[in-house]
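A short write-up of the structure that comes next.
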Amino acid sequence: MTPFILNFDQINIKDVSQVGGKNASLGEMFQRLESSGIKVPDGFAVSATAYRKFIADNALEQSIRDVLNNLNRMDYSNLQDIGKQIRLLIANGELSPDLQTSIISAYAALMDRIGIDCSLAVRSSATAEDLPEASFAGQQESYLNIKGNKALLKACRDCYVSLFTDRAIKYREDMGFDHMEVALSIGVQQMVRSDKACAGVGFTIDPDSGYDQVVVLSSSWGLGENVVKGRVQPDEFIVFKPTLNQPFNSVISKRLGSKKEMLIYSVEGSGRSTTNMETPVDRQRQFTLSKEEIEQLAKWAVIIEEHYQRPMDIEWAKDGLDQQLYIVQARPETIYSQKKGAFFTHYQLKEKGKVLTTGSGLGNKIAAGKARILRSPNEAHLLQKGEILVTESTDPDWDPILKKAAAVVTDKGGRTSHAAIVARELGAVAVVGAGDATRMINDGQQVTVSSAEGKTGVVYDGLLQWDEKAIQLDEIPETRTETMLILGDPDRAFQYAMLPNDGIGLMRVEFVISNAIRTHPMALVHFEQLRDEEARKEIETLTYGYDSKPAYFIDKFAQAVATIAAAFYPKDVIVRMSDFKSNEYANLLGGRQFEPSEENPMLGFRGASRYYHERYREGFRLECEAMKVVRDEMGLTNVKLMIPFCRTVEEGQKVVKLMKDYGLIQGENGLEIYTMIEIPSNVVLADQFAEVFDGFSIGSNDLTQLTLGLDRDNALISDLFDENNQAVKDLIISVIQTAKKHHIKIGLCGQAPSDFPEFAQFLVEQGIDSISFNADALWQGIENIHKAESRIAHLK
């Protein structure tokens with residue numbers, strides 16, 4: 001018979017049936033991964049044998065079965081009452097004297113090993129002897145800051161009680177498990193004093209897309225329960241695995257969370273072990289981890305993943321006393337690691353409505369229905385199947401309810417919170433951390449919830465229309481012509497990287513500048529001269545914590561590009577330097593002071609002409625410095641740079657020289673600089689442009705309108721806009737031939753090859769190297785290219 005107590009150095013992953021997955025994993029890491037530098041707090045497990053003895057000693061099995069016989073298995077309407085009766089039976093049970101002695105002795109031995117009198121974390125670890133692979137994660141309770149024999153014994157009995165929480169009963173019913181075949185082990189572990197520092201979770205894949213080349217970490221001040229249960233919006237860090245053990249900065253993204261609450265130890269004698277307090281404002285505005293700590297946790301996460309040979313979900317904590325990091329849990333990631341087949345559904349709204357609230361979007365889907373605001377799980381009967389659940393936050397007590405909801409919207413929580421994880425498991429749409437959802441949405445209001453617009457989830461008023469396109473990815477044909485993507489939003493990068501592609505043919509940085517940075521570069525460079533007081537206040541808020549205003553632009557710009565470059569690494573990512581028109585730049589914070597008023601901005605101060613002009617030269621320097629960070633400091637040399645709207649060869653030479661002055665040297669560290677082919681002069685002088693640049697990308701929209709002398713936005717003559725016009729096609733033929741002659745790459749970015757099969761055939765016939773599409777047009781574009789290549793092969 002297995003003993004009542006097993007120390008962590010006595011158990012490993014093979015002991016799941018006796019100590020549960022949580023404890024087995026802790027013992028495995030404690031024994032096997034210490035040599036890799038991973039710190040796991042010492043502890044012991046109270047085995048499943050002890051639980052079965054407790055049930056037998058108190059003659060509880062038949063009593064529990066009798067109560068369960070009254071469970072309404074049609075709609076589980078009496079689940080709360082049944083659960084309450086069983087929990088009361090267990091709470092009235094007594095731990096036998098020999099079990100109490102074993103637990104207290106193990107506690108004393110643990111204190112002797114540690115050398116200090118510390119508090120404990122007491123966690124439930126359910127298991128089933130005949131079902132060692134079953135997952136019971138999140139179904140039972142944990143108890144923190146437990147100190148003293150009496151408190152420990154009470155916490156152990158409370159863990160036994162938690163085996164019959166409503167959510168745990170419902171989970172076993174759904175899985176078809178016999179309730180009395182499931183036992184409970186208890187993990188008793190030295191408490192990490194993260195109440196004086198920070199704690200959080202980590203995934204060894206991106207939890208939203210399944211992209212496996214990153215580690216995603218979430219972190220908040222205080223004990224980690226606030227992050228796990230979604231009570232706070234945590235900081236989020238993304239680390240790129242391929243550069244993690246190289247001399248590069250592998251932290252490609254950092255997002256500051258609001259972290260409005262922090263869970264700390266309660267004052268002794270208060271009757272509670274922990275309490276939530278409001279986080280001081282200065283700490284809300286600080287990142288919880290340093291770059292070195294982020295990379296340390298990411299390295300440990302990768303070691304754990306490699307040890308278990310599967311994606312992992314990890315909980316970690318930082319001790320505020322010794323300033324050390326610890327791993328306190330590790331379990332298999334259960335969503336993307338279990339998905340089979342290459343299937344992708346693309347969702348896109350056909351219309352936009354009034355925005356009610358926004359938060360972190362999960363699920364990459366859209367749902368619509370009646371909003372139902374619930375304040376607690378006790379109001380579960382109010383939610384009808386297919387309605388939109390709106391609440392402050394969720395914890396595992398909500399699990400039976402969430403299965404009825406078409407979408408979940410919460411005020412609190414981040415991408416790794418309980419609501420987020422359950423929504424992914426159920427395949428539901430979720431918007432978490434909205435902040436004001438319960439205030440901005442009315443109970444019974446018809447709403448549309450979209451998480452198909454990147455990481456920002458949006459709740460719209462009304463029932464909107466949308467398109468769904470299901471694609472079997474392994475049925476998409478391969479093509480000789482490279483098919484690349486057009487992308488501007490870094491939040492979609494990991495999702496789109498899973499599509500069939502040959503890289504990014506055009507990264508539009510304007511999206512990043514207008515949405516993430518929001519500020520005119522020159523307003524940052526010359527902030528002290530900025531006259532707009534409202535803009536000054538907003539810029540001060542945005543740039544809080546940065547050493548300088550320009551550093552804010554460089555950091556945000558670099559992170560956005562790095563995220564896309566990492567997602568598609570090592571494929572080419574062609575980044576077009578900024579191509580706002582003057583009226584668009586003017587709309588940025590502080591922008592009007594630095595922009596001219598132009599009659600026709602489309603043909604005015606834009607593209608290459610801005611970069612070397614005194615009115616923008618310092619702004620262009622910030623763009624270049626950010627690209628230098630991405631390529632040289634982050635090691636993402638798959639980034640190529642592209643100059644838009646370059647009117648003359650001399651202008652191109654000026655820009656290339658200026659980039660060299662700013663540290664971006666053509667040819668150094670593999671740097672290639674392309675130019676857009678969008679002006680007839682680019683084609684007429686293509687031989688000379690090919691001497692300046694390393695590649696061409698045809699911008700079919702601008703080239704068409706400038707060749708035909710029309711404004712494509714003018715409805716009176718829009719019918720004349722036609723990429724198939726022979727004049728346009730002759731220019732394209734000419735520039736492709738010139739590129740081939742000079743042995744440089746040439747591609748095209750635009751909608752026409754997906755809209756018009758004959759245009760795709762024309763490009764393929766001319767031997768173009770690549771064609772870039774927006775994601776929603778990728779499948780049709782590939783099909784058109786494949787048909788064109790097949791026709792050409794057949795004719796040969």
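Following the order of the structure tokens, chains are lettered A, B, ..., residues in each are numbered from 1, and ligands are numbered from 1.
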Using DSSP on the backbone coordinates, identify the residues of range 459-589 of chain A assigned to strand (DSSP E); present them as number ranges by chain. A: 459-461, 466-472, 482-487, 504-508, 573-576
Step one, run DSSP on the backbone; step two, keep only residues of range 418-579 of chain A assigned to alpha helix (DSSP H); then write them as an MDAnalysis selection string. chainID A and resid 418:426 437:440 493:497 510:512 521:525 533:542 549:568
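From CA of Gly695 in chain A back to CA of Ile486 in chain A, the distance works out to 16.9 Å.
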Need to verify the contact set: range 635-647 of chain A, 9 Å, only C-alpha atoms, exclusion of same-chain residues closer than 4 positions in sequence. Can you return it as a VMD selection string? chain A and resid 243 246 to 250 506 561 to 562 565 to 566 568 to 579 606 to 609 627 629 to 631 651 to 652 655 669 to 682 695 to 697
Separation of CA of Glu306 in chain A from CA of Thr204 in chain A, in Å and rounded to one decimal: 10.0 Å
With distances taken over only C-alpha atoms, which of A:Cys749, A:Met277, A:Ala407, A:Ile744 is nearest to Leu485 in chain A?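 Smallest distance to Leu485 in chain A is found for A:Cys749.
Of the residues under consideration (A:Ile314, A:Val215, A:Ile5, A:Ala330), A:Ala330 shows the shortest atom-to-atom contact distance to Lys22 in chain A when counting only C-alpha atoms.
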Which polymer residues have any atom within 8 Å of an atom of Glu765 in chain A, counting only C-alpha atoms, with same-chain residues fewer than 3 positions away left out, as a PDB file with all heavy atoms, in the first residue's frame?
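The resulting file, out18.pdb, is shown below:
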```
ATOM      1  N   GLN A 761      -3.094  34.946 -64.190  1.00  0.00           N
ATOM      2  CA  GLN A 761      -2.451  34.201 -65.278  1.00  0.00           C
ATOM      3  C   GLN A 761      -1.429  35.078 -65.997  1.00  0.00           C
ATOM      4  O   GLN A 761      -0.329  34.625 -66.332  1.00  0.00           O
ATOM      5  CB  GLN A 761      -3.500  33.700 -66.279  1.00  0.00           C
ATOM      6  CG  GLN A 761      -2.856  33.098 -67.523  1.00  0.00           C
ATOM      7  CD  GLN A 761      -3.594  31.873 -68.015  1.00  0.00           C
ATOM      8  OE1 GLN A 761      -4.489  31.358 -67.363  1.00  0.00           O
ATOM      9  NE2 GLN A 761      -3.204  31.407 -69.179  1.00  0.00           N
ATOM     10  N   PHE A 762      -1.789  36.331 -66.220  1.00  0.00           N
ATOM     11  CA  PHE A 762      -0.866  37.257 -66.875  1.00  0.00           C
ATOM     12  C   PHE A 762       0.441  37.384 -66.085  1.00  0.00           C
ATOM     13  O   PHE A 762       1.540  37.313 -66.667  1.00  0.00           O
ATOM     14  CB  PHE A 762      -1.552  38.630 -67.006  1.00  0.00           C
ATOM     15  CG  PHE A 762      -0.621  39.790 -67.178  1.00  0.00           C
ATOM     16  CD1 PHE A 762       0.129  39.957 -68.346  1.00  0.00           C
ATOM     17  CD2 PHE A 762      -0.454  40.721 -66.159  1.00  0.00           C
ATOM     18  CE1 PHE A 762       0.999  41.033 -68.484  1.00  0.00           C
ATOM     19  CE2 PHE A 762       0.408  41.790 -66.285  1.00  0.00           C
ATOM     20  CZ  PHE A 762       1.143  41.942 -67.462  1.00  0.00           C
ATOM     21  N   ILE A 768       6.634  36.421 -62.770  1.00  0.00           N
ATOM     22  CA  ILE A 768       6.806  37.185 -61.528  1.00  0.00           C
ATOM     23  C   ILE A 768       7.219  36.234 -60.403  1.00  0.00           C
ATOM     24  O   ILE A 768       6.807  35.070 -60.368  1.00  0.00           O
ATOM     25  CB  ILE A 768       5.507  37.942 -61.185  1.00  0.00           C
ATOM     26  CG1 ILE A 768       5.815  39.065 -60.190  1.00  0.00           C
ATOM     27  CG2 ILE A 768       4.427  37.016 -60.636  1.00  0.00           C
ATOM     28  CD1 ILE A 768       4.773  40.157 -60.160  1.00  0.00           C
ATOM     29  N   ALA A 788      -3.398  28.947 -63.242  1.00  0.00           N
ATOM     30  CA  ALA A 788      -2.571  29.566 -64.284  1.00  0.00           C
ATOM     31  C   ALA A 788      -1.317  28.744 -64.546  1.00  0.00           C
ATOM     32  O   ALA A 788      -0.944  28.502 -65.707  1.00  0.00           O
ATOM     33  CB  ALA A 788      -2.205  30.988 -63.865  1.00  0.00           C
ATOM     34  N   ILE A 792      -0.265  26.731 -68.065  1.00  0.00           N
ATOM     35  CA  ILE A 792       1.027  26.956 -68.735  1.00  0.00           C
ATOM     36  C   ILE A 792       1.772  25.642 -68.880  1.00  0.00           C
ATOM     37  O   ILE A 792       2.342  25.339 -69.944  1.00  0.00           O
ATOM     38  CB  ILE A 792       1.860  27.986 -67.938  1.00  0.00           C
ATOM     39  CG1 ILE A 792       1.188  29.363 -68.008  1.00  0.00           C
ATOM     40  CG2 ILE A 792       3.290  28.052 -68.477  1.00  0.00           C
ATOM     41  CD1 ILE A 792       1.799  30.384 -67.079  1.00  0.00           C
TER      42      ILE A 792
END
```
Neighbouring residues of Tyr76 in chain A were defined as those with any atom within 10 Å, considering only C-alpha atoms; residues of the same chain fewer than 5 positions away were excluded. Please report them as a ChimeraX atom specification. /A:71,82,170,400
Might you pull out every residue within 8 Å of Ser96 in chain A, with only C-alpha atoms counted and same-chain residues fewer than 3 positions away left off, and present them as a ChimeraX atom specification? /A:54,57,99-100
Show which residues sit within 8 Å of Gln286 in chain A, as a VMD selection string. Count only C-alpha atoms, and ignore same-chain residues fewer than 3 positions away. chain A and resid 256 282 to 283 545
Could those residues be written to a file, using all heavy atoms, as a compact mmCIF listing (two decimals), in the first residue's frame?
```txt
# COMPACT_ATOMS: atom_id res chain seq x y z
N LEU A 256 1.98 46.33 -21.10
CA LEU A 256 1.75 46.70 -19.71
C LEU A 256 0.29 46.48 -19.36
O LEU A 256 -0.61 47.01 -20.02
CB LEU A 256 2.12 48.18 -19.50
CG LEU A 256 2.10 48.69 -18.07
CD1 LEU A 256 3.25 48.09 -17.27
CD2 LEU A 256 2.20 50.22 -18.06
N ASP A 282 1.78 53.79 -8.87
CA ASP A 282 3.11 53.74 -9.47
C ASP A 282 3.48 52.31 -9.88
O ASP A 282 4.16 52.10 -10.88
CB ASP A 282 4.17 54.35 -8.54
CG ASP A 282 4.29 53.58 -7.23
OD1 ASP A 282 3.27 53.03 -6.77
OD2 ASP A 282 5.40 53.52 -6.67
N ARG A 283 3.00 51.32 -9.13
CA ARG A 283 3.29 49.92 -9.48
C ARG A 283 2.40 49.45 -10.63
O ARG A 283 2.80 48.59 -11.41
CB ARG A 283 3.12 49.03 -8.26
CG ARG A 283 4.05 49.40 -7.11
CD ARG A 283 4.07 48.34 -6.04
NE ARG A 283 4.96 47.23 -6.38
CZ ARG A 283 5.06 46.12 -5.67
NH1 ARG A 283 4.30 45.95 -4.60
NH2 ARG A 283 5.89 45.17 -6.02
N GLY A 545 7.48 56.17 -18.25
CA GLY A 545 8.41 55.07 -17.99
C GLY A 545 9.55 54.97 -19.00
O GLY A 545 10.49 54.19 -18.78
```
Between A:Asn364, A:Gln653, A:Gln495, A:Thr101, which one has atoms that come closest to Glu453 in chain A, using only C-alpha atoms?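 For Glu453 in chain A, the nearest of the candidates is A:Asn364.
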Separation of CA of Ile64 in chain A from CA of Pro377 in chain A, in Å and rounded to one decimal: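 Straight-line distance from CA of Ile64 in chain A to CA of Pro377 in chain A works out to 23.3 Å.
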Go through A:Val214, A:Leu95, A:Leu464, A:Ile169 and flag the residue nearest Asn78 in chain A, using only C-alpha atoms for the distances.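 Residue with the minimum atom-to-atom distance to Asn78 in chain A: A:Ile169.
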Kindly indicate which residue among A:Phe580, A:Ile252, A:Leu349, A:Gly435 lies nearest to Lys469 in chain A, using only C-alpha atoms for the distances.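 Ranking A:Phe580, A:Ile252, A:Leu349, A:Gly435 by distance to Lys469 in chain A, first place goes to A:Leu349.
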Hey, could you make a per-residue contact list for range 216-284 of chain A against range 186-194 of chain A with 10 Å as the cut-off, showing the nearest pair of atoms and its distance in Å to one decimal, counting only C-alpha atoms, sorted by chain and number, as JSON lines?
```
{"residue": "A:Ser220", "atom": "CA", "partner": "A:Ser194", "partner_atom": "CA", "distance": 9.8}
{"residue": "A:Trp221", "atom": "CA", "partner": "A:Ser194", "partner_atom": "CA", "distance": 7.7}
{"residue": "A:Gly222", "atom": "CA", "partner": "A:Ser194", "partner_atom": "CA", "distance": 5.3}
{"residue": "A:Leu223", "atom": "CA", "partner": "A:Ser194", "partner_atom": "CA", "distance": 5.2}
{"residue": "A:Gly224", "atom": "CA", "partner": "A:Ser194", "partner_atom": "CA", "distance": 7.7}
{"residue": "A:Leu263", "atom": "CA", "partner": "A:Ser194", "partner_atom": "CA", "distance": 9.1}
{"residue": "A:Ile264", "atom": "CA", "partner": "A:Ser194", "partner_atom": "CA", "distance": 8.1}
{"residue": "A:Tyr265", "atom": "CA", "partner": "A:Arg193", "partner_atom": "CA", "distance": 9.1}
```
May I have the residues from that selection written out with N, CA and C atoms, as a PDB file, in the first residue's frame?
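Listing of part_19.pdb after writing:
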```pdb
ATOM      1  N   SER A 220       1.604  39.564 -12.695  1.00  0.00           N
ATOM      2  CA  SER A 220       0.988  40.652 -11.936  1.00  0.00           C
ATOM      3  C   SER A 220       1.602  40.692 -10.549  1.00  0.00           C
ATOM      4  N   TRP A 221       1.460  41.821  -9.889  1.00  0.00           N
ATOM      5  CA  TRP A 221       1.990  41.955  -8.531  1.00  0.00           C
ATOM      6  C   TRP A 221       1.210  41.057  -7.584  1.00  0.00           C
ATOM      7  N   GLY A 222       1.905  40.508  -6.596  1.00  0.00           N
ATOM      8  CA  GLY A 222       1.258  39.703  -5.566  1.00  0.00           C
ATOM      9  C   GLY A 222       1.162  38.238  -5.954  1.00  0.00           C
ATOM     10  N   LEU A 223       0.354  37.492  -5.202  1.00  0.00           N
ATOM     11  CA  LEU A 223       0.185  36.065  -5.436  1.00  0.00           C
ATOM     12  C   LEU A 223      -0.474  35.814  -6.785  1.00  0.00           C
ATOM     13  N   GLY A 224      -0.179  34.648  -7.363  1.00  0.00           N
ATOM     14  CA  GLY A 224      -0.578  34.380  -8.734  1.00  0.00           C
ATOM     15  C   GLY A 224      -2.040  34.072  -8.963  1.00  0.00           C
ATOM     16  N   LEU A 263      -2.927  40.396  -4.677  1.00  0.00           N
ATOM     17  CA  LEU A 263      -3.282  39.476  -3.605  1.00  0.00           C
ATOM     18  C   LEU A 263      -2.093  39.310  -2.675  1.00  0.00           C
ATOM     19  N   ILE A 264      -2.299  39.603  -1.395  1.00  0.00           N
ATOM     20  CA  ILE A 264      -1.205  39.558  -0.418  1.00  0.00           C
ATOM     21  C   ILE A 264      -1.642  38.766   0.808  1.00  0.00           C
ATOM     22  N   TYR A 265      -0.692  38.532   1.729  1.00  0.00           N
ATOM     23  CA  TYR A 265      -1.014  37.865   2.992  1.00  0.00           C
ATOM     24  C   TYR A 265      -1.929  38.777   3.819  1.00  0.00           C
TER      25      TYR A 265
END
```
